[in-house]
Amino acid sequence: MKIAAILSALAAATLVSAGKLHKLNLKGTEVPESNIVPGAYIIQYEPHVSHVTASNNLKTHKVGFRTRNQYTKFNGAAITVTSDHDGEALAAIPGVQHVWPVTLYSLPKVKKSNKKAADPYVTSGHQMTGVDVVHSQYKITGKGIKIGVLDSGVDYRHPAFAAKGSNAGCFARYGKNCRVAHGWDFVGDNFTGSNTPVPDSDPMDCQGHGTHVAGIVGGNALNIAVEPLPPQPFIGVAPDAIIGAYRIFGCNGGTNSAVIMAAMELAFNDGMDVINMSFGSGSSFQTNPIAVLGEILSTNGMAVVAAAGDDGVDGVWMVSDTGLGETSSSVASFDNKYQIHHAFTYGDIYRPYVSSVPVNLGPTAIVPIFSVDGSLSDGCQLYQYTRIDAAGKFILVGGYPDDCDAHLRAVLSATVGAAGVIIQSIPYGLEAAPAFKDFPVISIEFQAGVDIIAAYKKDPQTLVSFSAENDNFLVENGGFPSDFSSFGLDGELRSKPDLGAPGSDILSTYPLAKDGYAVLSGTSMATPYIAGAHALYIQSQKKTFRGSQVRKVLKNTATISKDFNATTTASAAKQGAGLVNVLNAILTTTCISPDHIDLFDSVRHRKTVHIKIKNEGKKLETYTLSHTPADALNSYSWGNIFPDGTPIIEADHATVGFSANPIDIAPGETVTVALTFKMPKKGDETQWPIYSGYVIATPNTAGSVAVHVPYTGLKGDFSKVPIQDSDVGDPKIFGKNADGLLASVPPSRSFDLRGPIVQLTPVIITREASHTPRFTIRVYDSQNVFQGYLYSPDLGLADVALGRDRNYVDNIPYNTSFQVWSWLGDVQPEGASKLVSLPSNTYRLEVASQRKFTSGVYPQDFEIYDLGSYTFLTNNGGEIPPI
C-alpha cells in the first residue's frame with residue numbers, strides 16, 4: 001500500500017497531462033437517438049502508468065467512479081463516473097492519455113432468405129475463392145488455428161461444430177467433441193448496451209447472428225445425421241479451426257465499445273490467431289478506441305477482421321468504423337456466384353424467380369404492360385392495367401427501385417383480376433418480393449424479363465409454369481461486388497475497405513432452437529470468410545505470422561473484379577484489393593509492400609511512392625510491372641452537396657510511371673521501385689471524384705501468381721468537400737412540441753424552457769454530408785459574446801467528431817436521416833469541464849463544422865451556418881433584451 005501511495009504521489013508530481021478527449025459520436029448507426037452511454041468513458045493511460053496509479057490519480061482528483069472493464073494491452077479502463085466530472089475533467093487528470101465516451105453498437109440488419117442450398121462448394125462461394133481446391137487438393141482446413149467470434153454467441157451444441165468423426169454436437173460447454181473450445185458471455189440475455197451486463201461462462205447464442213458467422217468460419221455440415229438436418233450439405237472456410245465464442249450481444253438490442261474491447265483482449269489472451277467482428281457503427285475516424293485497440297492487437301500478432309458495413313446504397317464515405325485500424329482488415333461483400341431458387345419455364349426460357357407466396361397455378365398466360373415507346377412499363381398507374389386483358393393472367397412490369405413500390409403494383413394487378421404480377425428487376429438481380437395477402441408477387445432477373453418479352457412478341461400464347469423445386473443458377477451480379485457493401489474512403493482519405501469475400505446469400509448454421517440453418521446476406525457474412533481465409537493461409541505456411549502480414553498476402557493475391565455488366569474495373573473504394581483468392585495466396589512466391597497506397601487529394605497529392613517487391617521463391621524471377629486503372633466515382637456531378645447514393649462511374653484515370661521495368665529479383669531478395677503518379681486529366685476537381693487503380697507485378701515464369709497493390713486518391717481539395725446538407729435547408733432550428741412533432745419557428749419566437757414540462761423545445765436539425773473532425777453548435781449572447789458549446793440531453797455535447805449521415809433511415813426513400821439536437825439552456829464554456837445553465841436572454845446559435853485536413857483554427861477552418869437569434873426563458877432567470 002505504501003509503494004502504491006508513493007507511485008501515485010510521484011505520478012501526480014511529475015506527469016504533465018497531455019490527455020485528449022475524443023468526442024466521437026458515430027454516425028450511420030442503427031442505434032436511435034443518442035449512441036452515447038451517459039456517464040461512461042473509456043480511458044487510455046500513459047504507457048508507463050499502471051492501473052493502480054491511474055486509479056489513485058482519479059481518487060486524488062475526487063472522481064467518483066465504478067470500473068466497468070480493465071484493459072491490459074490497451075493500458076486503460078472503462079469506467080462509469082458517479083461524481084460531477086465529465087470527459088474533459090478526466091482528460092485533465094495526470095497519467096491520462098486519451099478519453100472516449102462509451103458508444104453503443106448494434107448488430108447489422110442482415111437480409112434473411114428462405115432459399116435452400118445444394119452442392120457445398122457452390123452454395124458457399126468456395127469455387128469463387130479457390131477454397132474448394134485448397135480443401136480438396138492441399139488438405140488445408142485451418143487445423144490448429146484459433147478464430148475468435150465476437151458476436152451474439154455461438155450455439156456450440158450444433159453438430160456442425162463437432163470435432164471430426166462426431167456428428168452429434170457438443171451438448172456441453174467446450175466438450176471433447178466440440179471445436180468451440182474457448183469463450184465467455186460478457187453480457188447475459190437481457191443486455192441492451194446501456195444496462196448492466198450479467199456475465200457468465202456460457203456464450204450460448206439466443207439471437208442467431210453469431211452462430212451463422214461461426215458456421216461460415218468453420219462449420220462442417222457435410223455428414224450430419226441428426227435432426228435438424230441441413231437443407232443440403234455445406235462446409236465452412238476453415239472446418240478444422242478452433243473457435244472462440246465471445247458473446248457481446250444479448251438476445252435483443254445492442255452492445256457498447258467497453259464490452260467489445262474487453263472481448264477483444266480476452267480473445268487475445270486466449271491465444272486467438274484471428275478475431276472476427278461482423279458489426280459496426282457507421283462512418284467514423286481511425287481514432288475510435290476499438291480501432292486503436294485493434295491496431296495494438298494486430299501489432300502483437302493477432303489478425304483483426306471487421307465488416308465494412310452494409311450501406312452501399314448511401315454512396316461514398318460510409319465504410320464502418322470497426323475495421324479502420326491501419327493494419328486491420330475491413331471486409332467488403334461480393335455476391336455469391338451461384339444461388340438456389342425456384343425455377344420458371346416460359347417457352348425455352350428456364351430462369352430463377354422469387355415469389356411472395358407459393359405459386360399453385362398451372363401453366364398461365366403472361367401479358368406485359370408496354371410504355372408508349374414500346375419499352376416495358378413500370379406499372380405505376382392504374383390506367384395502364386385497365387387497358388389490357390389481364391384477367392387470370394400474370395402481368396409483367398419493370399422494377400426500377402425509385403419508381404413505385406411492389407405493393408402498389410400488386411394492388412393494381414389484383415384490381416383487374418390478374419393471377420399475379422411479375423416484376424423484372426432493374427438494373428439486375430432478384431429482389432425480395434413483398435407479401436400481399438395470398439396474391440403472387442414474383443421477382444425475376446432483368447435478362448429473364450428481356451427474354452420473356454422477346455418470346456412473347458413471337459408467340460403471345462406462350463404459357464409460363466412455376467416450379468416449387470429448387471435448382472442452382474448462375475445469377476446476375478454473381479461473383480461481383482454486392483450493391484449493399486459500403487463504399488470508402490474513410491474520413492481521412494485512407495484506403496478502406498481492404499478486400500472482399502462472398503457475403504450474399506450464404507448458407508450457414510443457425511441456433512438449433514431456430515431451425516438450425518439459415519441463408520443470410522451482408523458484410524457480416526463476408527467478414528468470417530476472410531477470418532477463415534487467414535486460418536487457411538497460416539496453416540499452409542507452418543510458421544508464425546503477424547495479422548498484418550497475412551492481410552498483405554491476401555490483398556496482394558486477391559482477384560481484381562469488374563462491376564456487373566461492366567467492361568472496366570470496379571473502384572478500389574468498393575472492392576478494396578478485390579475478391580480474396582486463397583489458392584493464389586498459398587501458391588504465391590511474391591509479395592508487395594505496402595499493401596495499399598493512399599494518394600490523398602490534389603492539394604496533398606503524393607507524386608512519388610516507393611513499393612518493395614520481394615521474391616520469396618527459389619530462383620531468379622523477372623517481373624513485369626503494369627497498371628490497371630479502375631472506375632472513378634463521382635458523387636457530386638449535379639452540383640449537389642449531399643453525395644449521391646449511387647456514384648456516377650467516370651473514366652478519370654491516373655497514370656503511373658515506374659523507375660525500372662522489367663525487374664530481375666534474386667531469390668530471397670527485395671527490390672524497391674519508385675512509382676510516379678500523375679493526377680487524372682479528366683474529372684472536375686470541384687466535384688471531388690475518387691479515382692483508383694492497381695499496380696501489378698507479374699512474374700515471367702509461366703503459372704506464377706501475379707501480385708498487386710491498390711491505390712486511391714481524390715481529385716480536388718478534400719477540405720472543400722461540403723459537410724452540412726444545406727440542399728435540404730439544414731442546419732436549421734425547429735420547435736418540438738410535447739408529442740415530438742417539429743414545427744418551423746420565426747426568428748422572433750420565444751422559447752420557454754422553464755420546467756418541469758417544456759411545451760416547445762428548441763431543436764437544431766443537422767445532416768452531415770461528409771466527415772468533420774470537429775462538429776460544434778456555438779451559442780452567443782445578445783452582445784455576440786461566445787457562451788459555450790450547446791449541450792443536448794439527447795445527443796450530448798455539440799463539440800464532437802462526426803462521420804456522415806445515411807441518405808435515408810432504414811433505406812426508406814425520402815425518409816431522410818438527420819440528427820436532432822434539443823436544447824434546454826445548458827452549454828459548456830470554452831476550456832471548461834462542466835456545464836453551465838445560461839440565464840434568460842436572446843441567444844444566437846451557430847453550427848460550425850471543421851473542414852477536413854485543416855488545423856481547426858476558428859473561424860477560417862470551419863464551414864459555418866448562422867441559425868439566427870431567438871429569445872430563451874430559462875430557470876436561471878436574467879433579463880430579456882429585445883432582439
# chains A, B, ... in the order shown; residues from 1 in each chain; ligands from 1
$ residues_around --residues "A:Asp598" --least-positions-apart "5" --cutoff "6 Å" --atoms "only C-alpha atoms" --output "JSON, numbers by chain"
{"A": [494, 711, 712]}
$ select_by_dssp --residues "stretch 794-876 of chain A" --states "strand (DSSP E or B)" --output "NGL selection string"
:A and (796-797 or 799-802 or 808 or 816 or 819-822 or 826-828 or 836-837 or 841-850 or 862-873)
$ write_last_selection --atoms "N, CA and C atoms" --output "CSV table (one decimal), in the first residue's frame"
chain,number,residue,atom,x,y,z
A,796,GLY,N,-25.9,14.8,-26.4
A,796,GLY,CA,-24.7,15.1,-25.7
A,796,GLY,C,-24.1,16.5,-26.1
A,797,LEU,N,-22.9,16.7,-25.9
A,797,LEU,CA,-22.2,17.9,-26.2
A,797,LEU,C,-22.0,18.1,-27.7
A,799,ASP,N,-19.9,19.3,-29.5
A,799,ASP,CA,-18.5,19.6,-29.8
A,799,ASP,C,-17.8,18.2,-30.0
A,800,VAL,N,-17.9,17.7,-31.2
A,800,VAL,CA,-17.6,16.3,-31.4
A,800,VAL,C,-17.2,16.0,-32.8
A,801,ALA,N,-16.4,14.9,-33.0
A,801,ALA,CA,-16.0,14.5,-34.3
A,801,ALA,C,-17.2,13.6,-34.9
A,802,LEU,N,-17.5,13.8,-36.1
A,802,LEU,CA,-18.7,13.1,-36.7
A,802,LEU,C,-18.3,12.5,-38.1
A,808,TYR,N,-31.0,7.8,-46.2
A,808,TYR,CA,-32.3,7.6,-45.7
A,808,TYR,C,-32.3,6.7,-44.4
A,816,THR,N,-35.6,10.9,-44.9
A,816,THR,CA,-34.3,11.5,-44.8
A,816,THR,C,-33.7,11.3,-43.4
A,819,GLN,N,-30.0,14.5,-37.6
A,819,GLN,CA,-29.8,14.5,-36.2
A,819,GLN,C,-30.6,15.6,-35.6
A,820,VAL,N,-31.1,15.3,-34.4
A,820,VAL,CA,-32.0,16.3,-33.7
A,820,VAL,C,-31.3,16.7,-32.4
A,821,TRP,N,-30.8,17.9,-32.3
A,821,TRP,CA,-30.1,18.4,-31.1
A,821,TRP,C,-31.1,19.3,-30.3
A,822,SER,N,-31.7,18.7,-29.3
A,822,SER,CA,-32.6,19.5,-28.4
A,822,SER,C,-31.7,20.4,-27.5
A,826,ASP,N,-28.4,24.6,-21.5
A,826,ASP,CA,-27.1,24.3,-21.0
A,826,ASP,C,-26.0,24.4,-22.0
A,827,VAL,N,-24.8,24.9,-21.7
A,827,VAL,CA,-23.7,25.0,-22.5
A,827,VAL,C,-22.4,24.6,-21.8
A,828,GLN,N,-21.4,24.3,-22.5
A,828,GLN,CA,-20.1,24.1,-21.9
A,828,GLN,C,-19.1,25.2,-22.4
A,836,VAL,N,-22.8,24.8,-17.9
A,836,VAL,CA,-23.3,26.0,-17.3
A,836,VAL,C,-24.7,26.2,-17.8
A,837,SER,N,-25.7,26.6,-16.9
A,837,SER,CA,-27.0,26.9,-17.3
A,837,SER,C,-27.1,28.4,-17.6
A,841,ASN,N,-32.2,35.1,-21.9
A,841,ASN,CA,-31.6,36.1,-22.8
A,841,ASN,C,-31.9,35.8,-24.2
A,842,THR,N,-31.4,36.7,-25.1
A,842,THR,CA,-31.5,36.4,-26.5
A,842,THR,C,-30.2,35.8,-26.9
A,843,TYR,N,-30.2,34.7,-27.6
A,843,TYR,CA,-29.0,34.0,-28.0
A,843,TYR,C,-29.0,33.7,-29.5
A,844,ARG,N,-27.8,33.8,-30.0
A,844,ARG,CA,-27.6,33.4,-31.4
A,844,ARG,C,-27.0,32.0,-31.5
A,845,LEU,N,-27.5,31.2,-32.3
A,845,LEU,CA,-26.9,29.8,-32.5
A,845,LEU,C,-26.2,29.7,-33.8
A,846,GLU,N,-25.1,29.0,-33.8
A,846,GLU,CA,-24.3,28.8,-35.0
A,846,GLU,C,-23.8,27.4,-35.0
A,847,VAL,N,-23.9,26.8,-36.2
A,847,VAL,CA,-23.4,25.5,-36.5
A,847,VAL,C,-22.1,25.6,-37.2
A,848,ALA,N,-21.0,25.2,-36.7
A,848,ALA,CA,-19.7,25.3,-37.3
A,848,ALA,C,-19.0,23.9,-37.3
A,849,SER,N,-18.6,23.5,-38.5
A,849,SER,CA,-18.0,22.2,-38.7
A,849,SER,C,-16.6,22.4,-39.3
A,850,GLN,N,-15.6,21.8,-38.6
A,850,GLN,CA,-14.3,21.9,-39.1
A,850,GLN,C,-14.1,21.2,-40.4
A,862,PHE,N,-13.5,26.5,-40.7
A,862,PHE,CA,-14.8,25.9,-40.4
A,862,PHE,C,-15.8,26.3,-41.5
A,863,GLU,N,-16.8,25.4,-41.7
A,863,GLU,CA,-18.0,25.7,-42.5
A,863,GLU,C,-19.0,26.1,-41.5
A,864,ILE,N,-19.5,27.4,-41.7
A,864,ILE,CA,-20.3,28.0,-40.6
A,864,ILE,C,-21.7,28.3,-41.2
A,865,TYR,N,-22.7,28.0,-40.3
A,865,TYR,CA,-24.1,28.4,-40.6
A,865,TYR,C,-24.7,29.1,-39.4
A,866,ASP,N,-25.1,30.4,-39.6
A,866,ASP,CA,-25.7,31.2,-38.6
A,866,ASP,C,-27.2,30.9,-38.6
A,867,LEU,N,-27.7,30.4,-37.5
A,867,LEU,CA,-29.2,30.0,-37.4
A,867,LEU,C,-30.0,31.1,-36.9
A,868,GLY,N,-29.4,32.3,-36.6
A,868,GLY,CA,-30.2,33.4,-36.2
A,868,GLY,C,-30.3,33.5,-34.6
A,869,SER,N,-31.0,34.6,-34.2
A,869,SER,CA,-31.2,34.8,-32.8
A,869,SER,C,-32.6,34.5,-32.3
A,870,TYR,N,-32.7,34.0,-31.1
A,870,TYR,CA,-34.0,33.6,-30.5
A,870,TYR,C,-34.0,34.0,-29.0
A,871,THR,N,-35.2,34.2,-28.5
A,871,THR,CA,-35.3,34.5,-27.1
A,871,THR,C,-35.5,33.2,-26.3
A,872,PHE,N,-34.8,33.0,-25.2
A,872,PHE,CA,-34.9,31.8,-24.4
A,872,PHE,C,-35.2,32.2,-23.0
A,873,LEU,N,-36.3,31.7,-22.4
A,873,LEU,CA,-36.6,31.9,-21.0
A,873,LEU,C,-36.1,30.6,-20.3
$ closest_atom_pairs --of "stretch 760-818 of chain A" --to "stretch 741-755 of chain A" --cutoff "7 Å" --atoms "only C-alpha atoms" --output "Markdown table"
| residue | atom | partner | partner_atom | distance |
| --- | --- | --- | --- | --- |
| A:Leu760 | CA | A:Phe751 | CA | 6.6 |
| A:Thr761 | CA | A:Phe751 | CA | 6.9 |
| A:Pro762 | CA | A:Phe751 | CA | 6.9 |
$ closest_atom_pairs --of "stretch 469-584 of chain A" --to "stretch 279-296 of chain A" --cutoff "12 Å" --atoms "only C-alpha atoms" --output "CSV"
residue,atom,partner,partner_atom,distance
A:Ser486,CA,A:Gly282,CA,9.6
A:Phe487,CA,A:Ser283,CA,10.3
A:Gly488,CA,A:Ser283,CA,9.2
A:Leu489,CA,A:Ser283,CA,9.7
A:Asp490,CA,A:Phe285,CA,7.0
A:Gly491,CA,A:Phe285,CA,5.9
A:Glu492,CA,A:Phe285,CA,7.5
A:Leu493,CA,A:Phe285,CA,10.4
A:Arg494,CA,A:Gln286,CA,9.4
A:Ser495,CA,A:Gln286,CA,11.7
A:Lys496,CA,A:Gln286,CA,10.9
A:Pro497,CA,A:Ser283,CA,11.9
A:Gly522,CA,A:Phe279,CA,10.1
A:Thr523,CA,A:Phe279,CA,8.6
A:Ser524,CA,A:Phe279,CA,6.6
A:Met525,CA,A:Phe279,CA,10.3
A:Ala526,CA,A:Phe279,CA,11.4
A:Thr527,CA,A:Phe279,CA,9.4
A:Pro528,CA,A:Phe279,CA,11.2
A:Arg546,CA,A:Glu295,CA,11.6
A:Gly547,CA,A:Glu295,CA,10.0
A:Ser548,CA,A:Glu295,CA,9.5
